[in-house]
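S.K.: Next comes entry.csv, CSV, N, CA and C atoms:
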chain,number,residue,atom,x,y,z
A,1,MET,N,-100.8,38.6,-8.0
A,1,MET,CA,-101.3,37.6,-7.0
A,1,MET,C,-101.1,38.1,-5.6
A,2,PRO,N,-102.1,37.9,-4.8
A,2,PRO,CA,-102.0,38.4,-3.4
A,2,PRO,C,-100.9,37.8,-2.5
A,3,ASN,N,-100.6,36.5,-2.8
A,3,ASN,CA,-99.6,35.9,-1.9
A,3,ASN,C,-98.9,34.8,-2.6
A,4,HIS,N,-97.8,34.3,-2.0
A,4,HIS,CA,-97.0,33.2,-2.6
A,4,HIS,C,-97.8,32.0,-2.9
A,5,GLU,N,-98.7,31.5,-2.0
A,5,GLU,CA,-99.5,30.3,-2.2
A,5,GLU,C,-100.4,30.5,-3.5
A,6,ARG,N,-101.0,31.6,-3.6
A,6,ARG,CA,-101.9,31.9,-4.8
A,6,ARG,C,-101.1,31.9,-6.1
A,7,ARG,N,-99.8,32.4,-6.1
A,7,ARG,CA,-99.0,32.4,-7.3
A,7,ARG,C,-98.6,30.9,-7.6
A,8,ILE,N,-98.3,30.1,-6.7
A,8,ILE,CA,-98.0,28.7,-6.9
A,8,ILE,C,-99.3,28.0,-7.5
A,9,ASP,N,-100.4,28.3,-6.9
A,9,ASP,CA,-101.7,27.7,-7.4
A,9,ASP,C,-101.9,28.1,-8.8
A,10,ALA,N,-101.7,29.3,-9.2
A,10,ALA,CA,-101.9,29.8,-10.5
A,10,ALA,C,-100.9,29.0,-11.5
A,11,ALA,N,-99.7,28.8,-11.1
A,11,ALA,CA,-98.7,28.1,-11.9
A,11,ALA,C,-99.1,26.7,-12.1
A,12,ILE,N,-99.7,26.1,-11.1
A,12,ILE,CA,-100.2,24.7,-11.2
A,12,ILE,C,-101.4,24.6,-12.0
A,13,ASP,N,-102.4,25.4,-11.7
A,13,ASP,CA,-103.8,25.2,-12.3
A,13,ASP,C,-104.0,26.0,-13.5
A,14,GLY,N,-103.2,27.0,-13.8
A,14,GLY,CA,-103.5,27.9,-14.9
A,14,GLY,C,-104.7,28.8,-14.7
A,15,GLY,N,-105.1,29.5,-15.8
A,15,GLY,CA,-106.3,30.3,-15.8
A,15,GLY,C,-106.0,31.7,-16.3
A,16,PHE,N,-107.0,32.6,-16.2
A,16,PHE,CA,-106.8,34.0,-16.7
A,16,PHE,C,-106.4,34.9,-15.5
A,17,PHE,N,-105.3,35.6,-15.8
A,17,PHE,CA,-104.8,36.5,-14.8
A,17,PHE,C,-104.4,37.8,-15.4
A,18,GLY,N,-105.2,38.9,-15.0
A,18,GLY,CA,-105.0,40.2,-15.6
A,18,GLY,C,-105.1,40.2,-17.1
A,19,GLY,N,-106.1,39.4,-17.6
A,19,GLY,CA,-106.3,39.3,-19.1
A,19,GLY,C,-105.3,38.4,-19.8
A,20,VAL,N,-104.5,37.8,-19.1
A,20,VAL,CA,-103.5,36.9,-19.8
A,20,VAL,C,-103.8,35.4,-19.3
A,21,TYR,N,-103.8,34.5,-20.3
A,21,TYR,CA,-104.1,33.1,-20.0
A,21,TYR,C,-102.8,32.4,-19.8
A,22,LEU,N,-102.8,31.6,-18.7
A,22,LEU,CA,-101.7,30.7,-18.4
A,22,LEU,C,-102.1,29.3,-18.4
A,23,GLU,N,-101.5,28.5,-19.3
A,23,GLU,CA,-101.8,27.1,-19.3
A,23,GLU,C,-101.5,26.4,-17.9
A,24,ASN,N,-102.2,25.3,-17.6
A,24,ASN,CA,-101.8,24.6,-16.4
A,24,ASN,C,-100.4,23.9,-16.6
A,25,ILE,N,-99.9,23.5,-15.5
A,25,ILE,CA,-98.5,22.9,-15.5
A,25,ILE,C,-98.4,21.7,-16.4
A,26,ARG,N,-99.5,20.9,-16.5
A,26,ARG,CA,-99.4,19.7,-17.3
A,26,ARG,C,-99.3,20.1,-18.8
A,27,ALA,N,-100.2,21.1,-19.2
A,27,ALA,CA,-100.2,21.5,-20.6
A,27,ALA,C,-98.8,22.1,-20.9
A,28,ARG,N,-98.2,22.9,-20.0
A,28,ARG,CA,-96.9,23.5,-20.3
A,28,ARG,C,-95.9,22.5,-20.4
A,29,CYS,N,-95.9,21.4,-19.6
A,29,CYS,CA,-94.9,20.4,-19.7
A,29,CYS,C,-95.1,19.6,-21.0
A,30,HIS,N,-96.4,19.3,-21.3
A,30,HIS,CA,-96.6,18.5,-22.6
A,30,HIS,C,-96.2,19.3,-23.8
A,31,SER,N,-96.2,20.6,-23.7
A,31,SER,CA,-95.8,21.4,-24.9
A,31,SER,C,-94.3,21.2,-25.2
A,32,LEU,N,-93.5,20.6,-24.3
A,32,LEU,CA,-92.1,20.2,-24.6
A,32,LEU,C,-92.0,18.9,-25.2
A,33,ASP,N,-93.1,18.1,-25.3
A,33,ASP,CA,-93.0,16.8,-25.9
A,33,ASP,C,-92.4,16.8,-27.3
A,34,VAL,N,-92.7,17.8,-28.0
A,34,VAL,CA,-92.2,17.9,-29.4
A,34,VAL,C,-90.7,17.8,-29.4
A,35,TRP,N,-90.0,18.4,-28.4
A,35,TRP,CA,-88.6,18.3,-28.3
A,35,TRP,C,-88.1,16.9,-28.1
A,36,LEU,N,-88.8,16.2,-27.1
A,36,LEU,CA,-88.4,14.9,-26.8
A,36,LEU,C,-88.6,13.9,-28.0
A,37,ASP,N,-89.5,14.2,-28.8
A,37,ASP,CA,-89.8,13.4,-30.0
A,37,ASP,C,-89.0,13.7,-31.2
A,38,THR,N,-88.2,14.8,-31.1
A,38,THR,CA,-87.4,15.2,-32.3
A,38,THR,C,-86.0,14.6,-32.2
A,39,PRO,N,-85.6,13.8,-33.3
A,39,PRO,CA,-84.3,13.3,-33.3
A,39,PRO,C,-83.2,14.3,-33.2
A,40,GLY,N,-82.2,14.1,-32.5
A,40,GLY,CA,-81.0,15.0,-32.4
A,40,GLY,C,-81.1,16.0,-31.4
A,41,VAL,N,-82.2,16.0,-30.6
A,41,VAL,CA,-82.4,17.0,-29.5
A,41,VAL,C,-81.7,16.4,-28.2
A,42,LEU,N,-80.9,17.1,-27.6
A,42,LEU,CA,-80.2,16.7,-26.4
A,42,LEU,C,-81.0,17.1,-25.2
A,43,MET,N,-81.3,16.2,-24.3
A,43,MET,CA,-82.1,16.5,-23.1
A,43,MET,C,-81.1,16.4,-21.9
A,44,VAL,N,-81.1,17.5,-21.1
A,44,VAL,CA,-80.2,17.6,-20.0
A,44,VAL,C,-81.1,18.0,-18.8
A,45,LYS,N,-81.0,17.3,-17.7
A,45,LYS,CA,-81.8,17.6,-16.5
A,45,LYS,C,-81.1,18.6,-15.6
A,46,PHE,N,-82.0,19.5,-15.0
A,46,PHE,CA,-81.5,20.5,-14.0
A,46,PHE,C,-80.7,19.8,-12.9
A,47,GLU,N,-81.2,18.7,-12.4
A,47,GLU,CA,-80.5,18.0,-11.3
A,47,GLU,C,-79.1,17.5,-11.7
A,48,ASP,N,-78.8,17.3,-13.0
A,48,ASP,CA,-77.5,16.9,-13.4
A,48,ASP,C,-76.6,18.2,-13.7
A,49,LEU,N,-77.2,19.3,-13.7
A,49,LEU,CA,-76.4,20.5,-14.0
A,49,LEU,C,-76.0,21.3,-12.7
A,50,VAL,N,-76.7,21.2,-11.6
A,50,VAL,CA,-76.5,22.1,-10.5
A,50,VAL,C,-75.3,21.7,-9.7
A,51,GLY,N,-74.8,20.5,-9.8
A,51,GLY,CA,-73.6,20.2,-9.0
A,51,GLY,C,-73.8,20.1,-7.5
A,52,ALA,N,-72.7,20.0,-6.8
A,52,ALA,CA,-72.8,19.8,-5.3
A,52,ALA,C,-73.4,21.1,-4.7
A,53,LYS,N,-73.1,22.3,-5.2
A,53,LYS,CA,-73.6,23.5,-4.7
A,53,LYS,C,-75.2,23.5,-4.7
A,54,GLY,N,-75.7,22.7,-5.6
A,54,GLY,CA,-77.2,22.7,-5.7
A,54,GLY,C,-77.7,21.3,-5.2
A,55,LYS,N,-77.0,20.7,-4.3
A,55,LYS,CA,-77.3,19.4,-3.7
A,55,LYS,C,-77.3,18.3,-4.8
A,56,GLY,N,-76.5,18.4,-5.8
A,56,GLY,CA,-76.4,17.4,-6.8
A,56,GLY,C,-75.0,16.8,-6.7
A,57,SER,N,-74.5,16.4,-7.9
A,57,SER,CA,-73.2,15.8,-8.0
A,57,SER,C,-72.3,16.6,-8.9
A,58,ASP,N,-71.1,16.9,-8.4
A,58,ASP,CA,-70.1,17.6,-9.3
A,58,ASP,C,-69.7,16.7,-10.5
A,59,GLU,N,-69.7,15.4,-10.2
A,59,GLU,CA,-69.3,14.5,-11.3
A,59,GLU,C,-70.4,14.5,-12.4
A,60,ASN,N,-71.7,14.5,-12.0
A,60,ASN,CA,-72.8,14.6,-13.0
A,60,ASN,C,-72.8,15.9,-13.7
A,61,GLN,N,-72.5,17.0,-12.9
A,61,GLN,CA,-72.4,18.3,-13.5
A,61,GLN,C,-71.4,18.4,-14.6
A,62,ARG,N,-70.2,17.9,-14.3
A,62,ARG,CA,-69.1,18.0,-15.3
A,62,ARG,C,-69.4,17.1,-16.5
A,63,ALA,N,-70.0,15.9,-16.3
A,63,ALA,CA,-70.4,15.0,-17.4
A,63,ALA,C,-71.5,15.7,-18.2
A,64,SER,N,-72.4,16.4,-17.6
A,64,SER,CA,-73.5,17.0,-18.4
A,64,SER,C,-72.9,18.2,-19.2
A,65,ILE,N,-72.0,18.9,-18.6
A,65,ILE,CA,-71.4,20.0,-19.4
A,65,ILE,C,-70.6,19.5,-20.6
A,66,LYS,N,-69.9,18.4,-20.3
A,66,LYS,CA,-69.1,17.7,-21.4
A,66,LYS,C,-70.1,17.2,-22.5
A,67,MET,N,-71.2,16.6,-22.1
A,67,MET,CA,-72.2,16.1,-23.0
A,67,MET,C,-72.7,17.2,-23.9
A,68,ILE,N,-73.0,18.4,-23.3
A,68,ILE,CA,-73.5,19.6,-24.1
A,68,ILE,C,-72.4,20.0,-25.1
A,69,LEU,N,-71.2,20.1,-24.6
A,69,LEU,CA,-70.1,20.6,-25.5
A,69,LEU,C,-69.8,19.6,-26.6
A,70,ASP,N,-69.9,18.3,-26.3
A,70,ASP,CA,-69.7,17.2,-27.3
A,70,ASP,C,-70.8,17.4,-28.3
A,71,TYR,N,-72.1,17.6,-27.9
A,71,TYR,CA,-73.2,17.7,-28.7
A,71,TYR,C,-73.0,18.9,-29.7
A,72,LEU,N,-72.4,20.0,-29.2
A,72,LEU,CA,-72.2,21.2,-30.0
A,72,LEU,C,-70.8,21.1,-30.8
A,73,ASP,N,-70.2,19.9,-30.6
A,73,ASP,CA,-68.9,19.7,-31.2
A,73,ASP,C,-67.8,20.8,-30.8
A,74,ILE,N,-67.8,21.0,-29.5
A,74,ILE,CA,-66.9,22.0,-29.0
A,74,ILE,C,-65.9,21.2,-28.0
A,75,GLU,N,-64.7,21.4,-28.2
A,75,GLU,CA,-63.7,20.7,-27.4
A,75,GLU,C,-63.1,21.7,-26.4
A,76,LYS,N,-63.1,21.3,-25.1
A,76,LYS,CA,-62.6,22.1,-24.0
A,76,LYS,C,-61.7,21.2,-23.1
A,77,PRO,N,-60.6,21.7,-22.7
A,77,PRO,CA,-59.8,20.9,-21.7
A,77,PRO,C,-60.5,20.7,-20.4
A,78,ASP,N,-60.1,19.7,-19.6
A,78,ASP,CA,-60.8,19.5,-18.3
A,78,ASP,C,-60.7,20.7,-17.4
A,79,ALA,N,-59.7,21.5,-17.4
A,79,ALA,CA,-59.6,22.6,-16.6
A,79,ALA,C,-60.7,23.7,-16.9
A,80,GLU,N,-60.9,23.8,-18.2
A,80,GLU,CA,-62.0,24.7,-18.6
A,80,GLU,C,-63.4,24.2,-18.3
A,81,LEU,N,-63.6,22.9,-18.3
A,81,LEU,CA,-64.9,22.3,-17.9
A,81,LEU,C,-65.1,22.6,-16.4
A,82,ARG,N,-64.0,22.4,-15.6
A,82,ARG,CA,-64.2,22.8,-14.2
A,82,ARG,C,-64.5,24.2,-14.0
A,83,ASP,N,-63.9,25.1,-14.8
A,83,ASP,CA,-64.1,26.5,-14.7
A,83,ASP,C,-65.6,26.9,-15.1
A,84,ILE,N,-66.1,26.2,-16.1
A,84,ILE,CA,-67.5,26.5,-16.5
A,84,ILE,C,-68.4,26.0,-15.4
A,85,ALA,N,-68.1,24.8,-14.8
A,85,ALA,CA,-69.0,24.3,-13.7
A,85,ALA,C,-68.9,25.3,-12.5
A,86,GLY,N,-67.8,25.8,-12.2
A,86,GLY,CA,-67.6,26.7,-11.1
A,86,GLY,C,-68.3,28.0,-11.3
A,87,LYS,N,-68.6,28.4,-12.5
A,87,LYS,CA,-69.3,29.7,-12.7
A,87,LYS,C,-70.8,29.6,-12.8
A,88,LEU,N,-71.3,28.4,-12.7
A,88,LEU,CA,-72.8,28.2,-12.8
A,88,LEU,C,-73.5,28.7,-11.5
A,89,HIS,N,-72.9,28.7,-10.4
A,89,HIS,CA,-73.5,29.2,-9.1
A,89,HIS,C,-72.6,30.3,-8.6
A,90,GLY,N,-73.3,31.2,-7.8
A,90,GLY,CA,-72.6,32.2,-7.0
A,90,GLY,C,-73.2,33.5,-7.1
A,91,PRO,N,-72.7,34.5,-6.4
A,91,PRO,CA,-73.2,35.9,-6.4
A,91,PRO,C,-73.2,36.4,-7.8
A,92,GLY,N,-74.4,37.1,-8.1
A,92,GLY,CA,-74.5,37.7,-9.4
A,92,GLY,C,-74.8,36.7,-10.6
A,93,ARG,N,-74.8,35.4,-10.3
A,93,ARG,CA,-75.2,34.4,-11.4
A,93,ARG,C,-76.7,34.3,-11.5
A,94,VAL,N,-77.2,34.1,-12.7
A,94,VAL,CA,-78.6,34.0,-12.9
A,94,VAL,C,-78.9,32.7,-13.6
A,95,THR,N,-78.0,31.7,-13.6
A,95,THR,CA,-78.1,30.5,-14.3
A,95,THR,C,-79.4,29.7,-13.8
A,96,PHE,N,-79.6,29.7,-12.5
A,96,PHE,CA,-80.7,29.0,-11.9
A,96,PHE,C,-81.4,30.0,-10.9
A,97,ARG,N,-82.7,29.8,-10.8
A,97,ARG,CA,-83.4,30.7,-9.8
A,97,ARG,C,-82.8,30.5,-8.4
A,98,LYS,N,-82.8,29.3,-7.9
A,98,LYS,CA,-82.1,29.1,-6.6
A,98,LYS,C,-81.0,28.0,-6.9
A,99,GLY,N,-81.3,27.1,-7.8
A,99,GLY,CA,-80.3,26.2,-8.2
A,99,GLY,C,-80.1,25.1,-7.1
A,100,VAL,N,-81.1,24.7,-6.4
A,100,VAL,CA,-81.0,23.7,-5.4
A,100,VAL,C,-82.1,22.6,-5.6
A,101,ILE,N,-81.7,21.4,-5.6
A,101,ILE,CA,-82.6,20.3,-5.8
A,101,ILE,C,-83.5,20.2,-4.6
A,102,GLY,N,-84.8,19.9,-4.8
A,102,GLY,CA,-85.7,19.7,-3.7
A,102,GLY,C,-86.3,21.0,-3.1
A,103,GLU,N,-86.1,22.1,-3.7
A,103,GLU,CA,-86.6,23.4,-3.2
A,103,GLU,C,-88.2,23.4,-3.3
A,104,SER,N,-88.7,22.7,-4.2
A,104,SER,CA,-90.2,22.7,-4.3
A,104,SER,C,-90.9,22.3,-3.0
A,105,GLN,N,-90.3,21.4,-2.3
A,105,GLN,CA,-90.9,20.9,-1.0
A,105,GLN,C,-90.9,22.0,0.0
A,106,LYS,N,-90.0,23.0,-0.1
A,106,LYS,CA,-90.1,24.2,0.8
A,106,LYS,C,-91.0,25.3,0.3
A,107,GLU,N,-91.1,25.3,-1.0
A,107,GLU,CA,-91.9,26.4,-1.6
A,107,GLU,C,-93.4,26.1,-1.7
A,108,MET,N,-93.8,24.8,-1.7
A,108,MET,CA,-95.2,24.5,-2.0
A,108,MET,C,-95.8,23.8,-0.8
A,109,THR,N,-97.1,23.9,-0.6
A,109,THR,CA,-97.8,23.2,0.4
A,109,THR,C,-97.9,21.7,0.1
A,110,GLY,N,-98.2,20.9,1.1
A,110,GLY,CA,-98.4,19.5,0.8
A,110,GLY,C,-99.5,19.2,-0.2
A,111,GLY,N,-100.6,20.0,-0.1
A,111,GLY,CA,-101.7,19.9,-1.1
A,111,GLY,C,-101.2,20.2,-2.5
A,112,GLN,N,-100.4,21.3,-2.6
A,112,GLN,CA,-99.9,21.6,-3.9
A,112,GLN,C,-99.0,20.6,-4.5
A,113,LEU,N,-98.1,20.0,-3.7
A,113,LEU,CA,-97.2,19.0,-4.1
A,113,LEU,C,-98.0,17.8,-4.6
A,114,ARG,N,-99.0,17.4,-3.9
A,114,ARG,CA,-99.9,16.2,-4.3
A,114,ARG,C,-100.6,16.5,-5.6
A,115,ARG,N,-101.1,17.7,-5.8
A,115,ARG,CA,-101.8,18.1,-7.0
A,115,ARG,C,-100.8,18.0,-8.2
A,116,VAL,N,-99.6,18.5,-8.0
A,116,VAL,CA,-98.6,18.5,-9.1
A,116,VAL,C,-98.3,17.0,-9.4
A,117,ASP,N,-98.1,16.2,-8.4
A,117,ASP,CA,-97.8,14.7,-8.6
A,117,ASP,C,-99.0,14.1,-9.4
A,118,GLU,N,-100.2,14.4,-9.1
A,118,GLU,CA,-101.3,13.8,-9.8
A,118,GLU,C,-101.4,14.3,-11.2
A,119,MET,N,-101.2,15.6,-11.4
A,119,MET,CA,-101.2,16.2,-12.8
A,119,MET,C,-100.1,15.7,-13.7
A,120,LEU,N,-98.9,15.5,-13.1
A,120,LEU,CA,-97.7,15.2,-13.9
A,120,LEU,C,-97.3,13.8,-13.8
A,121,ALA,N,-98.1,12.8,-13.4
A,121,ALA,CA,-97.7,11.4,-13.3
A,121,ALA,C,-97.1,10.9,-14.6
A,122,GLY,N,-97.8,11.2,-15.7
A,122,GLY,CA,-97.3,10.7,-17.0
A,122,GLY,C,-96.0,11.5,-17.4
A,123,VAL,N,-95.9,12.7,-17.1
A,123,VAL,CA,-94.7,13.5,-17.4
A,123,VAL,C,-93.5,13.0,-16.7
A,124,TYR,N,-93.7,12.7,-15.4
A,124,TYR,CA,-92.6,12.2,-14.6
A,124,TYR,C,-92.1,10.9,-15.2
A,125,ARG,N,-93.0,10.0,-15.6
A,125,ARG,CA,-92.5,8.7,-16.2
A,125,ARG,C,-91.7,9.0,-17.5
A,126,ARG,N,-92.2,9.8,-18.3
A,126,ARG,CA,-91.6,10.1,-19.6
A,126,ARG,C,-90.2,10.8,-19.4
A,127,TRP,N,-90.2,11.7,-18.4
A,127,TRP,CA,-89.0,12.5,-18.2
A,127,TRP,C,-88.0,11.9,-17.3
A,128,GLY,N,-88.4,10.8,-16.6
A,128,GLY,CA,-87.5,10.1,-15.7
A,128,GLY,C,-87.4,10.7,-14.3
A,129,TYR,N,-88.5,11.2,-13.8
A,129,TYR,CA,-88.6,11.8,-12.5
A,129,TYR,C,-89.5,10.9,-11.6
A,130,ARG,N,-89.3,11.1,-10.3
A,130,ARG,CA,-90.2,10.5,-9.3
A,130,ARG,C,-91.2,11.5,-8.8
A,131,PRO,N,-92.3,11.1,-8.2
A,131,PRO,CA,-93.2,12.0,-7.6
A,131,PRO,C,-92.5,12.8,-6.4
A,132,LEU,N,-93.1,14.0,-6.2
A,132,LEU,CA,-92.5,14.9,-5.1
A,132,LEU,C,-92.9,14.4,-3.7
A,133,THR,N,-94.1,13.7,-3.7
A,133,THR,CA,-94.6,13.3,-2.3
A,133,THR,C,-94.5,11.8,-2.2
How does this structure look as structure tokens?
M.R.:
Amino acid sequence: MPNHERRIDAAIDGGFFGGVYLENIRARCHSLDVWLDTPGVLMVKFEDLVGAKGKGSDENQRASIKMILDYLDIEKPDAELRDIAGKLHGPGRVTFRKGVIGESQKEMTGGQLRRVDEMLAGVYRRWGYRPLT
């Protein structure tokens, strides 16, 4: 893609790129519905995992890590939970691309944000998110 804006447009709208077809963002999100409809699947939100370093909450981060460990039937002491949380961010870590809540508003144009909001209105409701704009 020639520039950042075109790459974001391609991710939103989908299409053929270099002989490869990319579904639009709505179709890609809806492809995850099967997981939401499957009993026993644990849903964890990015915003609950990034902690204060990602403009979230350390309390939510620890609770989410605990929830994942409980789901996997793994017991860890509180000190180890704090250690796991501390290792999610930092130099050399690839857990998250940037790992900061709200970065889409910096990465996307106003028009792109509005298009995503329009395309994902139903997804937002189902996943418990609010529109970006």
S.K.: I'd like to know which residues of chain A are alpha helix (DSSP H) (by DSSP, run on the backbone); could you write them as an MDAnalysis selection string?
M.R.: chainID A and resid 4:13 25:30 33:36 46:49 58:71 78:86 104:107 110:119 121:127
S.K.: Output as JSON lines one row per residue of stretch 46-108 of chain A within 12 Å of stretch 33-41 of chain A: the closest atom pair and its distance in Å to one decimal place, counting only C-alpha atoms, sorted by chain and residue number ascending.
M.R.:
{"residue": "A:Ile68", "atom": "CA", "partner": "A:Val41", "partner_atom": "CA", "distance": 10.7}
{"residue": "A:Tyr71", "atom": "CA", "partner": "A:Gly40", "partner_atom": "CA", "distance": 9.0}
{"residue": "A:Leu72", "atom": "CA", "partner": "A:Gly40", "partner_atom": "CA", "distance": 11.0}
S.K.: Residues within 8 Å of A:Thr133, please, as a PyMOL selection string. Count only N, CA and C atoms; anything in the same chain fewer than 4 positions from it doesn't count.
M.R.: chain A and resi 110+113-114+116-117
S.K.: Got a sec: who's within 10 Å of A:Ala27, counting only C-alpha atoms, leaving out chain neighbours fewer than 2 positions off, as an MDAnalysis selection string?
M.R.: chainID A and resid 12:14 22:25 29:32 119:120
S.K.: Work out how far apart atom CA of A:His4 and atom CA of A:Ser104 are and give it in Å to one decimal.
M.R.: 12.6 Å
S.K.: Which residue gives the smallest distance to A:Glu47 among A:Arg26, A:Met108, A:Ser64, A:His89, with only C-alpha atoms counted?
M.R.: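 Looking only at the distances to A:Glu47, the closest residue turns out to be A:Ser64.
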S.K.: So, with only N, CA and C atoms as the atoms that count, which of A:Ile74, A:Met43, A:Ile8, A:Ile65 lies closest to A:Thr109?
M.R.: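 Residue with the minimum atom-to-atom distance to A:Thr109: A:Ile8.
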S.K.: Between atom N of A:Ile84 and atom C of A:Ala52, what is the distance in Å, rounded to a tenth?
M.R.: 14.5 Å
S.K.: Could you give me the residues within chain A that DSSP places in strand (DSSP E), as a ChimeraX atom specification?
M.R.: /A:15-17,20-22
S.K.: Kindly indicate which residue among A:Glu5, A:Glu118, A:Gly15, A:Thr95 lies nearest to A:Arg130, using only C-alpha atoms for the distances.
M.R.: A:Glu118
S.K.: Could you tell me how far atom CA of A:Trp127 sits from atom N of A:Lys45, in Å to one decimal place?
M.R.: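 Going from atom N of A:Lys45 over to atom CA of A:Trp127 covers 9.3 Å.
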S.K.: Between A:Gly19, A:Glu107, A:Asp73, A:Lys98, which is the closest to A:Arg7 once you count only C-alpha atoms?
M.R.: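 Selected residue with least distance to A:Arg7: A:Glu107.
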S.K.: At a cut-off of 7 Å, using all atoms listed in the file, what residues contact A:Ala85? Leave out same-chain residues fewer than 5 positions from it and give the result as a list in words.
M.R.: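 Neighbouring residues, sequence-local ones excluded: Gln61, Arg62 and Glu80 of chain A.
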